[in-house]
Structures are given as C-alpha cells and as structure tokens.
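The structure appears right after this line, and notes come after that.
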Amino acid sequence: MRKRVLVIVLFLACCRFPAFGLLRIESRSGAAVTITARSLQPGEVLLAVFHPSGETGEARLVILNKEHGFLPGGPSGQRFALVGVDFLTAPGSYRVEALFFNEAGQKEIVQKYLRLHERSFTRRNIRIDERLVTAPPEVEERVARERKILTEVYRSVLPSWLGSGDFMAPLPDKPTLNFGEHRLYNSVPRSRHTGIDISAADGAPIRASNSGKVALAMDLYYSGLTVILDHGLGVFSVYCHCSRLDVRPGQSVRRGEVVAAVGSTGRSTGPHLHWSVRLGGARVDPLSLLGLGLE
Ligand SMILES: [Zn+2]
C-alpha cells in the first residue's frame, strides 16, 4: 500500500512542471518551435519557444487564429511566446502553423495539429446578499462605468515584455482549485469563476506575481479593491477583494513586491484573494502560468 502511495506521489511530482514537450514543429533547416504546457486543455497557458538554426533566425506562430512573434526571456535565454487558451474554447483538434524565415527573408510554413482535451469544472452554490448578485438600480451606472474601464485596460497591449523570470504565486497559502467553476448565487446559476481563490488572513501581503506596470488600482463594485498588473504582450494579472491597495496606476512594480493586502471587499464572503490572469484576451487558470521556466 505504502509503495503504491509512493508511486502515485512520484507520478504526480513528475506531472508537475517542467512541462512536457507537447508539440515540436521543425523546419527543413533544423530550426524548431516547441510548445509545452501543464496540460493541453481549455483555460491553460501554452509556452512556445523558438529554436533557431544557422540560416533560420526568425519565426512566427499562428495558433487559435492569432499570430505570435517570439521575444527574449524564455527558458535558457531562448525567444518565447505565451499563448492563452480561453477556458470556453471547445475541446478538439486545432491547426498550428510555424512560419520560419531565413536570412534572405524566405518563408517556410510548417503545419501541425494540436489536440485540446476535455476539462471538467466544479460547481458551487453561494449564499450572499442579493444586492451583490444583481446590482441595484442606484449602482447600475457605476457597474457599467467600471465595465468600460476594464475593457479599456485589457484592450491596451504593451508591445514589450515587462516580466522578469517565472511567475510566482501572490500568496504562500494553498489555492482552491476552482478555476472555471460554475457559480450559483442563492441557488440561481449566474456566472463562471474565471480565477482562483486563495484563502488567507485579513491583511496578509499580496505580492506581484511578476514584474510589470500597474494598469488599475481602484475600488470596483463586484471585485472590491482591485489591482491589475500589466506584464506586457497582453498579459495581465488581477488581484481582487483587497483590504488595502499599496500601488498607484502607472507605477512600475517588481516581481514579489507587495501590491495590496488580503481583504473581503466587493462580492466576497470572507477574507481571500481572487487571482485571475488574462492573456491576449483569454481567461486562463493563473496556476498554469507558474513554473514555465522563463528567465
Ligand atoms: Zn474568486
């Protein structure tokens, strides 16, 4: 029995990062684009790395209808791109194209297919003040204004990478694995939970999961005191329900720097951090960003 537990533990340890190589697309000259991820499922972050060869010095990647370039900062100093698979993406087979360019600017296109597997999501009913389920008429205008502000924040994409190394968890506490959860409020199905929750003591320091720029630091009706960090290239990390904000919009923050404190502001039933990540508009599980091996 003990041996079996040990085998399972070892198996799970191996399943953690570093991620498996999931796909390797090679050019005739030996250059390659590799794609790795924690798992190939909706709501995951994929890491694409470019491995140049002598004559093939540039590449681009087309995946899920988006084109990506490669920038320095990947594992072992290689050029990389992060691809977000929105949690509502249908499982199935998707075409991936690598575009390789040689010094003369000639292009070679290599196609492969990537299989996105089914993912099951949890379901939870939450008892909460009805005013926080449907905004009362007097705050409708506020909610609409805040929605517009958020759309603007996510629309602006910095063309450079501001992150420094791997992403880290903003709190040392154990997260609840409730990304993508079907949410019922007072028994009525309402929304999907597009982040994860980390329960922690009221006032515990929340750390920036990577370096970046503060895109938003304000009180929002549903998510309470909120910080959004812009890491560049369309990658945003979001910290909600805080009791205190320690940063201002426009400010640069370093990975690990304290940006806020844990609280229970907005639509919350107790002190915790709601942590979410947007990547190129895709809503992804923040835990799938950890341990990618970025430098
Ligand atoms: Zn949450």
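We name chains A, B, ... following the order of the structure tokens; residues begin at 1 in each chain, and ligands are numbered from 1 as shown.
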Surroundings of ligand 1 up to 6 Å, based on only C-alpha atoms and all ligand atoms, as a tab-separated table (two decimals) with N, CA and C atoms, in the first residue's frame:
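After the write, pocket_32.tsv holds the following:
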```
chain	number	residue	atom	x	y	z
A	195	GLY	N	-11.15	32.91	-12.17
A	195	GLY	CA	-9.86	32.97	-11.49
A	195	GLY	C	-9.79	31.84	-10.48
A	196	ILE	N	-8.83	31.95	-9.55
A	196	ILE	CA	-8.80	31.00	-8.43
A	196	ILE	C	-8.86	31.81	-7.14
A	197	ASP	N	-9.28	31.16	-6.06
A	197	ASP	CA	-9.35	31.83	-4.76
A	197	ASP	C	-8.25	31.29	-3.85
A	274	HIS	N	-8.91	36.78	-4.78
A	274	HIS	CA	-9.34	36.21	-6.07
A	274	HIS	C	-8.26	36.64	-7.05
```
**OP:** Considering only C-alpha atoms, return as an NGL selection string whatever protein or nucleic-acid residues lie within 12 Å of Thr151 of chain A, sequence-local ones (same chain, fewer than 6 positions apart) excluded.
**Re:** :A and (144-145 or 157 or 215-216 or 278 or 281)
Subject >> strand (DSSP E or B) call set, DSSP backbone run, segment 147-282 of chain A, as a ChimeraX atom specification >> reply: /A:167,175-176,182-185,188-192,196-199,205-207,212-220,224-230,235-242,244-245,252-253,258-261,263,272-279,282
Original post:
To one decimal place, how far is atom CA of Leu233 of chain A from atom CA of Gln111 of chain A in Å?
Top reply: 24.3 Å
**OP:** Apply DSSP to the backbone of this structure and, from segment 148-206 of chain A, keep only the residues in helix (DSSP H, G or I); write these as a list in words.
**Re:**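 The helix (DSSP H, G or I) residues within segment 148-206 of chain A come out as Lys148, Ile149, Leu150, Thr151, Glu152, Val153, Tyr154 and Arg155 of chain A.
When atom CA of Ser268 of chain A is paired with atom CA of Leu229 of chain A, their separation reads 21.1 Å.
For Leu82 of chain A, the list of residues within 7 Å, based on only C-alpha atoms and with local chain neighbours fewer than 4 positions off taken out, reads Val45, Leu46, Leu47 and Ala48 of chain A.
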Original post:
From the list A:Leu245, A:Val49, A:Val85, A:Ala59, which residue is nearest Val277 of chain A when using only C-alpha atoms?
Top reply: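 Of A:Leu245, A:Val49, A:Val85, A:Ala59, the one nearest Val277 of chain A is A:Val85, counting only C-alpha atoms.
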Subject >> Distance of atom CA of Ala32 of chain A from atom CA of Ala81 of chain A, expressed in Å to one decimal place >> reply: 13.5 Å
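For Leu177 of chain A, the set of protein, DNA and RNA residues having any atom at most 12 Å away, when counting only C-alpha atoms and skipping those fewer than 6 positions along the same chain, is Ser120, Phe121, Thr122, Arg123, His193, Thr194, Gly195, Ile196, Asp197, Ile198, Ser199, His274, Trp275, Asp285, Pro286, Leu287 and Ser288 of chain A.
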Each residue of segment 162-226 of chain A lying at most 12 Å from segment 247-264 of chain A should get a row with its shortest atom-to-atom pair and the distance in Å to one decimal, counting only C-alpha atoms; could you produce that, ordered by chain and increasing number, as JSON lines?
```
{"residue": "A:Leu162", "atom": "CA", "partner": "A:Arg254", "partner_atom": "CA", "distance": 9.4}
{"residue": "A:Gly163", "atom": "CA", "partner": "A:Arg255", "partner_atom": "CA", "distance": 7.6}
{"residue": "A:Ser164", "atom": "CA", "partner": "A:Arg255", "partner_atom": "CA", "distance": 6.9}
{"residue": "A:Gly165", "atom": "CA", "partner": "A:Arg255", "partner_atom": "CA", "distance": 8.4}
{"residue": "A:Asp166", "atom": "CA", "partner": "A:Arg255", "partner_atom": "CA", "distance": 9.0}
{"residue": "A:Phe167", "atom": "CA", "partner": "A:Arg255", "partner_atom": "CA", "distance": 7.9}
{"residue": "A:Met168", "atom": "CA", "partner": "A:Gly256", "partner_atom": "CA", "distance": 7.6}
{"residue": "A:Ala169", "atom": "CA", "partner": "A:Gly256", "partner_atom": "CA", "distance": 8.9}
{"residue": "A:Pro170", "atom": "CA", "partner": "A:Gly256", "partner_atom": "CA", "distance": 7.5}
{"residue": "A:Leu171", "atom": "CA", "partner": "A:Val262", "partner_atom": "CA", "distance": 9.3}
{"residue": "A:Pro172", "atom": "CA", "partner": "A:Gly256", "partner_atom": "CA", "distance": 11.4}
{"residue": "A:Asp173", "atom": "CA", "partner": "A:Val262", "partner_atom": "CA", "distance": 11.6}
{"residue": "A:Asp197", "atom": "CA", "partner": "A:Val262", "partner_atom": "CA", "distance": 11.2}
{"residue": "A:Ile198", "atom": "CA", "partner": "A:Val262", "partner_atom": "CA", "distance": 9.5}
{"residue": "A:Ser199", "atom": "CA", "partner": "A:Val262", "partner_atom": "CA", "distance": 8.7}
{"residue": "A:Ala200", "atom": "CA", "partner": "A:Val262", "partner_atom": "CA", "distance": 6.9}
{"residue": "A:Ala201", "atom": "CA", "partner": "A:Val262", "partner_atom": "CA", "distance": 6.8}
{"residue": "A:Asp202", "atom": "CA", "partner": "A:Gly263", "partner_atom": "CA", "distance": 5.1}
{"residue": "A:Gly203", "atom": "CA", "partner": "A:Ala261", "partner_atom": "CA", "distance": 4.8}
{"residue": "A:Ala204", "atom": "CA", "partner": "A:Val262", "partner_atom": "CA", "distance": 5.2}
{"residue": "A:Pro205", "atom": "CA", "partner": "A:Ala261", "partner_atom": "CA", "distance": 4.6}
{"residue": "A:Ile206", "atom": "CA", "partner": "A:Ala260", "partner_atom": "CA", "distance": 5.2}
{"residue": "A:Arg207", "atom": "CA", "partner": "A:Val258", "partner_atom": "CA", "distance": 4.3}
{"residue": "A:Ala208", "atom": "CA", "partner": "A:Gly256", "partner_atom": "CA", "distance": 5.0}
{"residue": "A:Ser209", "atom": "CA", "partner": "A:Arg255", "partner_atom": "CA", "distance": 5.7}
{"residue": "A:Asn210", "atom": "CA", "partner": "A:Arg255", "partner_atom": "CA", "distance": 4.0}
{"residue": "A:Ser211", "atom": "CA", "partner": "A:Arg255", "partner_atom": "CA", "distance": 4.2}
{"residue": "A:Gly212", "atom": "CA", "partner": "A:Val253", "partner_atom": "CA", "distance": 5.5}
{"residue": "A:Lys213", "atom": "CA", "partner": "A:Ser252", "partner_atom": "CA", "distance": 4.4}
{"residue": "A:Val214", "atom": "CA", "partner": "A:Pro249", "partner_atom": "CA", "distance": 4.8}
{"residue": "A:Ala215", "atom": "CA", "partner": "A:Pro249", "partner_atom": "CA", "distance": 5.4}
{"residue": "A:Leu216", "atom": "CA", "partner": "A:Pro249", "partner_atom": "CA", "distance": 5.2}
{"residue": "A:Ala217", "atom": "CA", "partner": "A:Pro249", "partner_atom": "CA", "distance": 5.8}
{"residue": "A:Met218", "atom": "CA", "partner": "A:Arg248", "partner_atom": "CA", "distance": 8.7}
{"residue": "A:Asp219", "atom": "CA", "partner": "A:Ser264", "partner_atom": "CA", "distance": 12.0}
{"residue": "A:Tyr222", "atom": "CA", "partner": "A:Ser264", "partner_atom": "CA", "distance": 10.9}
{"residue": "A:Ser223", "atom": "CA", "partner": "A:Ser264", "partner_atom": "CA", "distance": 9.2}
{"residue": "A:Gly224", "atom": "CA", "partner": "A:Ser264", "partner_atom": "CA", "distance": 7.6}
{"residue": "A:Leu225", "atom": "CA", "partner": "A:Gly263", "partner_atom": "CA", "distance": 8.5}
{"residue": "A:Thr226", "atom": "CA", "partner": "A:Ala260", "partner_atom": "CA", "distance": 8.5}
```
Next, write the just-selected residues to a file, as a short mmCIF file (atom, residue, chain, number, x, y, z; two decimals), in the first residue's frame, keeping N, CA, C and O atoms as the atom set.
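And here's selection.cif as it stands now:
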```
data_model
loop_
_atom_site.label_atom_id
_atom_site.label_comp_id
_atom_site.auth_asym_id
_atom_site.auth_seq_id
_atom_site.Cartn_x
_atom_site.Cartn_y
_atom_site.Cartn_z
N LEU A 162 7.47 42.86 -19.91
CA LEU A 162 7.95 43.52 -18.70
C LEU A 162 8.28 42.52 -17.60
O LEU A 162 8.87 42.87 -16.58
N GLY A 163 7.87 41.27 -17.79
CA GLY A 163 8.10 40.25 -16.76
C GLY A 163 9.58 39.98 -16.56
O GLY A 163 10.40 40.24 -17.44
N SER A 164 9.92 39.50 -15.34
CA SER A 164 11.32 39.12 -15.09
C SER A 164 11.32 37.73 -14.48
O SER A 164 10.99 37.57 -13.31
N GLY A 165 11.63 36.75 -15.28
CA GLY A 165 11.65 35.36 -14.81
C GLY A 165 10.25 34.78 -14.73
O GLY A 165 9.30 35.31 -15.32
N ASP A 166 10.15 33.70 -13.97
CA ASP A 166 8.89 32.97 -13.87
C ASP A 166 7.84 33.72 -13.06
O ASP A 166 8.17 34.53 -12.20
N PHE A 167 6.58 33.41 -13.32
CA PHE A 167 5.50 33.93 -12.49
C PHE A 167 5.52 33.20 -11.15
O PHE A 167 5.90 32.04 -11.08
N MET A 168 5.13 33.92 -10.09
CA MET A 168 5.07 33.31 -8.75
C MET A 168 3.67 33.49 -8.18
O MET A 168 2.91 34.36 -8.62
N ALA A 169 3.31 32.65 -7.20
CA ALA A 169 2.01 32.78 -6.54
C ALA A 169 2.05 34.05 -5.69
O ALA A 169 3.05 34.34 -5.04
N PRO A 170 0.97 34.83 -5.67
CA PRO A 170 0.97 36.08 -4.91
C PRO A 170 0.90 35.91 -3.40
O PRO A 170 1.17 36.82 -2.64
N LEU A 171 0.52 34.68 -2.95
CA LEU A 171 0.43 34.37 -1.52
C LEU A 171 1.02 32.99 -1.30
O LEU A 171 0.92 32.13 -2.18
N PRO A 172 1.58 32.72 -0.10
CA PRO A 172 2.13 31.37 0.13
C PRO A 172 1.06 30.34 0.44
O PRO A 172 1.33 29.14 0.43
N ASP A 173 -0.18 30.78 0.71
CA ASP A 173 -1.25 29.86 1.12
C ASP A 173 -1.73 28.98 -0.04
O ASP A 173 -1.56 29.33 -1.20
N ASP A 197 -9.28 31.16 -6.06
CA ASP A 197 -9.35 31.83 -4.76
C ASP A 197 -8.25 31.29 -3.85
O ASP A 197 -7.98 30.09 -3.84
N ILE A 198 -7.63 32.20 -3.11
CA ILE A 198 -6.63 31.79 -2.12
C ILE A 198 -7.07 32.38 -0.79
O ILE A 198 -7.06 33.60 -0.61
N SER A 199 -7.49 31.52 0.14
CA SER A 199 -7.89 31.99 1.47
C SER A 199 -6.65 32.35 2.25
O SER A 199 -5.67 31.60 2.24
N ALA A 200 -6.69 33.49 2.93
CA ALA A 200 -5.54 33.94 3.71
C ALA A 200 -6.04 34.90 4.78
O ALA A 200 -7.19 35.36 4.72
N ALA A 201 -5.18 35.19 5.73
CA ALA A 201 -5.57 36.08 6.82
C ALA A 201 -5.82 37.49 6.30
O ALA A 201 -5.13 37.95 5.38
N ASP A 202 -6.81 38.15 6.89
CA ASP A 202 -7.11 39.54 6.55
C ASP A 202 -5.83 40.37 6.75
O ASP A 202 -5.17 40.26 7.78
N GLY A 203 -5.44 41.11 5.75
CA GLY A 203 -4.25 41.97 5.85
C GLY A 203 -2.96 41.33 5.37
O GLY A 203 -1.92 41.98 5.33
N ALA A 204 -3.01 40.04 5.01
CA ALA A 204 -1.78 39.37 4.54
C ALA A 204 -1.29 40.05 3.26
O ALA A 204 -2.09 40.44 2.41
N PRO A 205 0.04 40.22 3.12
CA PRO A 205 0.56 40.93 1.93
C PRO A 205 0.40 40.12 0.64
O PRO A 205 0.72 38.93 0.61
N ILE A 206 -0.07 40.79 -0.40
CA ILE A 206 -0.24 40.18 -1.72
C ILE A 206 0.92 40.65 -2.59
O ILE A 206 1.17 41.85 -2.70
N ARG A 207 1.64 39.72 -3.18
CA ARG A 207 2.83 40.07 -3.95
C ARG A 207 2.59 39.97 -5.46
O ARG A 207 1.86 39.10 -5.92
N ALA A 208 3.22 40.88 -6.19
CA ALA A 208 3.10 40.88 -7.66
C ALA A 208 3.62 39.56 -8.19
O ALA A 208 4.74 39.15 -7.86
N SER A 209 2.84 38.88 -9.02
CA SER A 209 3.27 37.56 -9.49
C SER A 209 4.37 37.65 -10.54
O SER A 209 5.04 36.67 -10.84
N ASN A 210 4.55 38.87 -11.08
CA ASN A 210 5.71 39.11 -11.95
C ASN A 210 5.89 40.63 -12.06
O ASN A 210 5.04 41.39 -11.60
N SER A 211 6.99 41.06 -12.64
CA SER A 211 7.22 42.50 -12.81
C SER A 211 6.25 43.04 -13.85
O SER A 211 5.79 42.30 -14.73
N GLY A 212 5.94 44.31 -13.73
CA GLY A 212 5.02 44.92 -14.68
C GLY A 212 4.68 46.34 -14.28
O GLY A 212 5.38 46.95 -13.48
N LYS A 213 3.60 46.81 -14.86
CA LYS A 213 3.15 48.18 -14.61
C LYS A 213 1.73 48.11 -14.06
O LYS A 213 0.94 47.28 -14.51
N VAL A 214 1.41 48.98 -13.09
CA VAL A 214 0.06 48.97 -12.53
C VAL A 214 -0.90 49.59 -13.55
O VAL A 214 -0.79 50.77 -13.89
N ALA A 215 -1.83 48.78 -14.05
CA ALA A 215 -2.78 49.27 -15.05
C ALA A 215 -4.04 49.81 -14.38
O ALA A 215 -4.73 50.66 -14.94
N LEU A 216 -4.32 49.31 -13.18
CA LEU A 216 -5.52 49.76 -12.45
C LEU A 216 -5.33 49.49 -10.97
O LEU A 216 -4.77 48.46 -10.59
N ALA A 217 -5.74 50.42 -10.13
CA ALA A 217 -5.74 50.23 -8.68
C ALA A 217 -6.91 51.05 -8.15
O ALA A 217 -6.79 52.25 -7.97
N MET A 218 -8.06 50.39 -7.97
CA MET A 218 -9.25 51.15 -7.54
C MET A 218 -10.31 50.23 -6.95
O MET A 218 -10.18 49.00 -7.00
N ASP A 219 -11.34 50.84 -6.40
CA ASP A 219 -12.44 50.10 -5.79
C ASP A 219 -13.51 49.83 -6.85
O ASP A 219 -14.05 50.77 -7.43
N TYR A 222 -18.04 44.91 -7.87
CA TYR A 222 -18.04 43.45 -7.66
C TYR A 222 -16.73 42.92 -7.08
O TYR A 222 -16.73 42.09 -6.19
N SER A 223 -15.61 43.38 -7.59
CA SER A 223 -14.33 42.78 -7.15
C SER A 223 -13.66 43.57 -6.02
O SER A 223 -12.57 43.22 -5.59
N GLY A 224 -14.33 44.61 -5.51
CA GLY A 224 -13.80 45.37 -4.38
C GLY A 224 -12.51 46.08 -4.74
O GLY A 224 -12.28 46.43 -5.92
N LEU A 225 -11.65 46.29 -3.74
CA LEU A 225 -10.37 46.96 -4.01
C LEU A 225 -9.54 46.02 -4.90
O LEU A 225 -9.26 44.88 -4.51
N THR A 226 -9.17 46.52 -6.07
CA THR A 226 -8.58 45.67 -7.11
C THR A 226 -7.30 46.26 -7.69
O THR A 226 -7.22 47.46 -7.91
#
```
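Using only C-alpha atoms, the residues found no farther than 9 Å from Leu114 of chain A, other than those of its own chain fewer than 4 positions away, are Leu22, Leu23, Leu40, Gly92, Ser93, Tyr94, Arg95 and Val96 of chain A.
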Dump as a PDB file, in the first residue's frame, selection limited to all heavy atoms:
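Dumped everything to out-v4.pdb:
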```pdb
ATOM      1  N   LEU A  22       4.945  19.145 -25.834  1.00  0.00           N
ATOM      2  CA  LEU A  22       3.696  18.637 -26.400  1.00  0.00           C
ATOM      3  C   LEU A  22       3.719  18.603 -27.914  1.00  0.00           C
ATOM      4  O   LEU A  22       3.078  17.786 -28.536  1.00  0.00           O
ATOM      5  CB  LEU A  22       2.528  19.506 -25.930  1.00  0.00           C
ATOM      6  CG  LEU A  22       2.273  19.476 -24.429  1.00  0.00           C
ATOM      7  CD1 LEU A  22       1.298  20.556 -24.045  1.00  0.00           C
ATOM      8  CD2 LEU A  22       1.735  18.122 -24.015  1.00  0.00           C
ATOM      9  N   LEU A  23       4.457  19.544 -28.482  1.00  0.00           N
ATOM     10  CA  LEU A  23       4.459  19.626 -29.933  1.00  0.00           C
ATOM     11  C   LEU A  23       5.791  20.232 -30.371  1.00  0.00           C
ATOM     12  O   LEU A  23       6.279  21.187 -29.757  1.00  0.00           O
ATOM     13  CB  LEU A  23       3.307  20.543 -30.369  1.00  0.00           C
ATOM     14  CG  LEU A  23       2.933  20.520 -31.845  1.00  0.00           C
ATOM     15  CD1 LEU A  23       2.352  19.174 -32.241  1.00  0.00           C
ATOM     16  CD2 LEU A  23       1.898  21.615 -32.126  1.00  0.00           C
ATOM     17  N   LEU A  40      -2.878  20.134 -21.947  1.00  0.00           N
ATOM     18  CA  LEU A  40      -3.476  20.693 -23.163  1.00  0.00           C
ATOM     19  C   LEU A  40      -4.977  20.719 -23.013  1.00  0.00           C
ATOM     20  O   LEU A  40      -5.665  19.812 -23.462  1.00  0.00           O
ATOM     21  CB  LEU A  40      -3.079  19.824 -24.347  1.00  0.00           C
ATOM     22  CG  LEU A  40      -1.975  20.381 -25.232  1.00  0.00           C
ATOM     23  CD1 LEU A  40      -1.812  19.539 -26.464  1.00  0.00           C
ATOM     24  CD2 LEU A  40      -2.238  21.829 -25.613  1.00  0.00           C
ATOM     25  N   GLY A  92     -10.939  19.733 -28.923  1.00  0.00           N
ATOM     26  CA  GLY A  92     -10.891  19.283 -30.318  1.00  0.00           C
ATOM     27  C   GLY A  92      -9.505  19.482 -30.891  1.00  0.00           C
ATOM     28  O   GLY A  92      -8.552  19.794 -30.176  1.00  0.00           O
ATOM     29  N   SER A  93      -9.410  19.315 -32.211  1.00  0.00           N
ATOM     30  CA  SER A  93      -8.126  19.402 -32.892  1.00  0.00           C
ATOM     31  C   SER A  93      -7.971  20.781 -33.530  1.00  0.00           C
ATOM     32  O   SER A  93      -8.883  21.245 -34.214  1.00  0.00           O
ATOM     33  CB  SER A  93      -8.098  18.304 -33.954  1.00  0.00           C
ATOM     34  OG  SER A  93      -6.789  18.109 -34.367  1.00  0.00           O
ATOM     35  N   TYR A  94      -6.862  21.429 -33.297  1.00  0.00           N
ATOM     36  CA  TYR A  94      -6.625  22.773 -33.839  1.00  0.00           C
ATOM     37  C   TYR A  94      -5.340  22.811 -34.663  1.00  0.00           C
ATOM     38  O   TYR A  94      -4.322  22.247 -34.254  1.00  0.00           O
ATOM     39  CB  TYR A  94      -6.539  23.794 -32.699  1.00  0.00           C
ATOM     40  CG  TYR A  94      -7.873  24.032 -32.036  1.00  0.00           C
ATOM     41  CD1 TYR A  94      -8.295  23.231 -30.972  1.00  0.00           C
ATOM     42  CD2 TYR A  94      -8.726  25.035 -32.473  1.00  0.00           C
ATOM     43  CE1 TYR A  94      -9.532  23.426 -30.365  1.00  0.00           C
ATOM     44  CE2 TYR A  94      -9.964  25.249 -31.881  1.00  0.00           C
ATOM     45  CZ  TYR A  94     -10.357  24.442 -30.833  1.00  0.00           C
ATOM     46  OH  TYR A  94     -11.585  24.638 -30.250  1.00  0.00           O
ATOM     47  N   ARG A  95      -5.400  23.524 -35.794  1.00  0.00           N
ATOM     48  CA  ARG A  95      -4.222  23.637 -36.644  1.00  0.00           C
ATOM     49  C   ARG A  95      -3.244  24.661 -36.067  1.00  0.00           C
ATOM     50  O   ARG A  95      -3.646  25.717 -35.597  1.00  0.00           O
ATOM     51  CB  ARG A  95      -4.632  24.070 -38.049  1.00  0.00           C
ATOM     52  CG  ARG A  95      -3.489  23.911 -39.036  1.00  0.00           C
ATOM     53  CD  ARG A  95      -3.907  24.189 -40.437  1.00  0.00           C
ATOM     54  NE  ARG A  95      -4.379  25.568 -40.559  1.00  0.00           N
ATOM     55  CZ  ARG A  95      -5.258  25.960 -41.466  1.00  0.00           C
ATOM     56  NH1 ARG A  95      -5.771  25.119 -42.313  1.00  0.00           N
ATOM     57  NH2 ARG A  95      -5.622  27.212 -41.525  1.00  0.00           N
ATOM     58  N   VAL A  96      -1.963  24.308 -36.095  1.00  0.00           N
ATOM     59  CA  VAL A  96      -0.909  25.209 -35.630  1.00  0.00           C
ATOM     60  C   VAL A  96       0.064  25.388 -36.779  1.00  0.00           C
ATOM     61  O   VAL A  96       0.462  24.413 -37.411  1.00  0.00           O
ATOM     62  CB  VAL A  96      -0.160  24.593 -34.425  1.00  0.00           C
ATOM     63  CG1 VAL A  96       0.893  25.543 -33.905  1.00  0.00           C
ATOM     64  CG2 VAL A  96      -1.125  24.220 -33.319  1.00  0.00           C
TER      65      VAL A  96
END
```
Subject >> Selected residue, from A:Lys174, A:Arg142, A:His241, A:Leu132, that lies nearest to Arg190 of chain A when counting only C-alpha atoms >> reply: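 Using only C-alpha atoms, the shortest distance to Arg190 of chain A belongs to A:Leu132.
For the set A:His117, A:Arg131, A:His231, A:Arg124, the residue with the smallest atom-to-atom gap to Gly43 of chain A is A:His117, counting only C-alpha atoms.
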